[in-house]
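Student: Supplied in structure tokens, the structure appears directly below.
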Amino acid sequence: YGQAYKRLQKTNCFPEFTSRVCPALCEAACTCNVNTDPVATKENERAIIDRAFAEGLVVPHPPKIRTGKTVAVIGSGPAGLAAALLLNRRGHSVTVFERHDRIGGLLMYGIPNMKLEKWVIDRRVERLVQEGVQFKTGANVGGNVSAEELMQNNDVVLLCCGAKQPRDISAPGRDASGIYFAVDYLTSV
């Protein structure tokens, strides 16, 4: 399991998220399915990462050397967290700005607990803090946080703010009552 974890972390920043949320459509489409059972990648990932956390293999890896460069990451969803993880490990000083009161973006506010328990997100965020990533919640860039100030005070500003504006469709019955955009619905419940 130790070797499996080392291999997994080379290609997936957050297997504890993907192994819980991904619908694993690739398994059903796997060509192995023609003659035998497909590889259960989702279950394999989850078993590896859960055991790695249980056995203490997932430990903070703060960079040994800092570059002196600063990065502001706007948005703390999966893209923002992955960017923060990788940029911090390269030695840059990273601050993640999140407009909500908790870190995680749609992981936190759009995916129900039955798919992704919130303690799983909190556990990973704690590791990122231990590695040196800073988080600022309640920071609405363009609102109570000046975009100009971020650009002046950082070497790079990275936008990982997700797609809050839904794309409507033109289809018969679209104007019927009880039809909601997915993100609006998920965040409301």
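Ordering of the structure tokens sets the chain letters (A, B, ...); residue numbers start at 1 within each chain; ligands are numbered from 1 in the order shown.
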Return as CSV the residues of region 75-158 of chain A lying at most 7 Å from region 177-187 of chain A, together with the closest atom-to-atom pair for each and the distance in Å to one decimal, counting only C-alpha atoms, with rows in chain order and ascending residue number.
Tutor:
residue,atom,partner,partner_atom,distance
A:Tyr109,CA,A:Thr187,CA,5.3
A:Gly110,CA,A:Thr187,CA,4.8
A:Ile111,CA,A:Leu186,CA,6.9
Student: For the selection just defined, write its residues with C-alpha atoms to a file, as a PDB file, in the first residue's frame.
Tutor:
ATOM      1  CA  TYR A 109     -21.124  23.580  -0.866  1.00  0.00           C
ATOM      2  CA  GLY A 110     -22.235  21.596  -3.908  1.00  0.00           C
ATOM      3  CA  ILE A 111     -21.597  17.926  -3.194  1.00  0.00           C
TER       4      ILE A 111
END
Student: List the neighbours of Ile65 (chain A) out to 10 Å using only C-alpha atoms; skip same-chain residues closer than 3 positions along the sequence, and give me the result as a count of residues only.
Tutor: 6
Student: Using only C-alpha atoms, can you tell me which of A:Tyr5, A:Phe17, A:Phe97, A:Phe53 comes closest to Leu158 (chain A)?
Tutor: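 Among the listed residues, the smallest separation from Leu158 (chain A) belongs to A:Phe97.
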Student: Do you know which residues are at most 7 Å from region 36-47 of chain A counting only C-alpha atoms, after dropping those on the same chain fewer than 6 positions away, and could you put them as a VMD selection string?
Tutor: chain A and resid 15 to 16 19 24 27 30
Student: Write out as a list in words all residues of region 92-189 of chain A that DSSP puts in strand (DSSP E) for this structure's backbone.
Tutor: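 DSSP-assigned strand (DSSP E) residues in region 92-189 of chain A: Ser93, Val94, Thr95, Val96, Phe97, Gln134, Phe135, Lys136, Val156, Val157, Leu158 and Leu159 of chain A.
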Student: Just the selected residues (C-alpha atoms), exported as a short mmCIF file (atom, residue, chain, number, x, y, z; two decimals), in the first residue's frame, please.
Tutor:
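Final output, again25.cif:
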data_model
loop_
_atom_site.label_atom_id
_atom_site.label_comp_id
_atom_site.auth_asym_id
_atom_site.auth_seq_id
_atom_site.Cartn_x
_atom_site.Cartn_y
_atom_site.Cartn_z
CA SER A 93 4.25 31.38 -1.06
CA VAL A 94 0.58 30.74 -1.80
CA THR A 95 -2.51 32.40 -0.37
CA VAL A 96 -5.95 31.11 -1.37
CA PHE A 97 -8.85 33.58 -1.29
CA GLN A 134 -2.47 30.28 3.68
CA PHE A 135 -6.25 30.56 3.39
CA LYS A 136 -8.44 33.65 3.65
CA VAL A 156 0.97 35.95 -9.91
CA VAL A 157 -2.81 35.99 -9.47
CA LEU A 158 -4.43 32.74 -10.51
CA LEU A 159 -8.18 32.60 -11.17
#
Student: Do you know which residues are at most 8 Å from Gly2 (chain A) counting only C-alpha atoms, after dropping those on the same chain fewer than 3 positions away, and could you put them as a list in words?
Tutor: Tyr5, Lys6, Ala52 and Leu57 of chain A
Student: Please indicate the distance in Å from CA of Pro166 (chain A) to CA of Ser188 (chain A), rounded to one decimal place.
Tutor: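 According to the coordinates, CA of Pro166 (chain A) and CA of Ser188 (chain A) are separated by 14.7 Å.
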Student: Near Val120 (chain A), counting only C-alpha atoms, which residues have an atom at most 12 Å away, once you skip same-chain residues fewer than 6 positions from it, shown as a list in words?
Tutor: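 Near neighbours after the sequence-gap exclusion: Phe14, Pro15, Glu16, Phe17, Thr18, Ser19, Arg20, Val21, Arg46, Ile49, Asp50, Phe53, Ile103, Gly104, Leu107, Met108, Asn113, Met114, Glu126 and Arg127 of chain A.
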Student: To one decimal in Å, tell me the separation between CA of Arg51 (chain A) and CA of Gln130 (chain A).
Tutor: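 Computing the Euclidean distance for CA of Arg51 (chain A) and CA of Gln130 (chain A) yields 20.4 Å.
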Student: Between CA of Glu131 (chain A) and CA of Pro63 (chain A), what is the distance in Å, rounded to a tenth?
Tutor: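 Computing it gives 7.3 Å between the two atoms.
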Student: Considering only C-alpha atoms, return as a list in words whatever protein or nucleic-acid residues lie within 10 Å of Glu98 (chain A), sequence-local ones (same chain, fewer than 6 positions apart) excluded.
Tutor: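 What passes the distance filter is Val73, Ile74, Gly75, Ser76, Gly77, Gly80, Gly104, Gly105, Phe135, Lys136, Thr137, Gly138, Ala139, Asn140, Val141 and Cys161 of chain A.
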Student: Pick out each residue of region 54-178 of chain A that DSSP on the backbone tags as helix (DSSP H, G or I); I need them as a ChimeraX atom specification.
Tutor: /A:54,78-89,106-109,118-131,147-153
Student: So which one's closest to Val133 (chain A), A:Lys10, A:Lys164, A:His100, A:His61? Using only C-alpha atoms, please.
Tutor: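 Smallest distance to Val133 (chain A) is found for A:His61.
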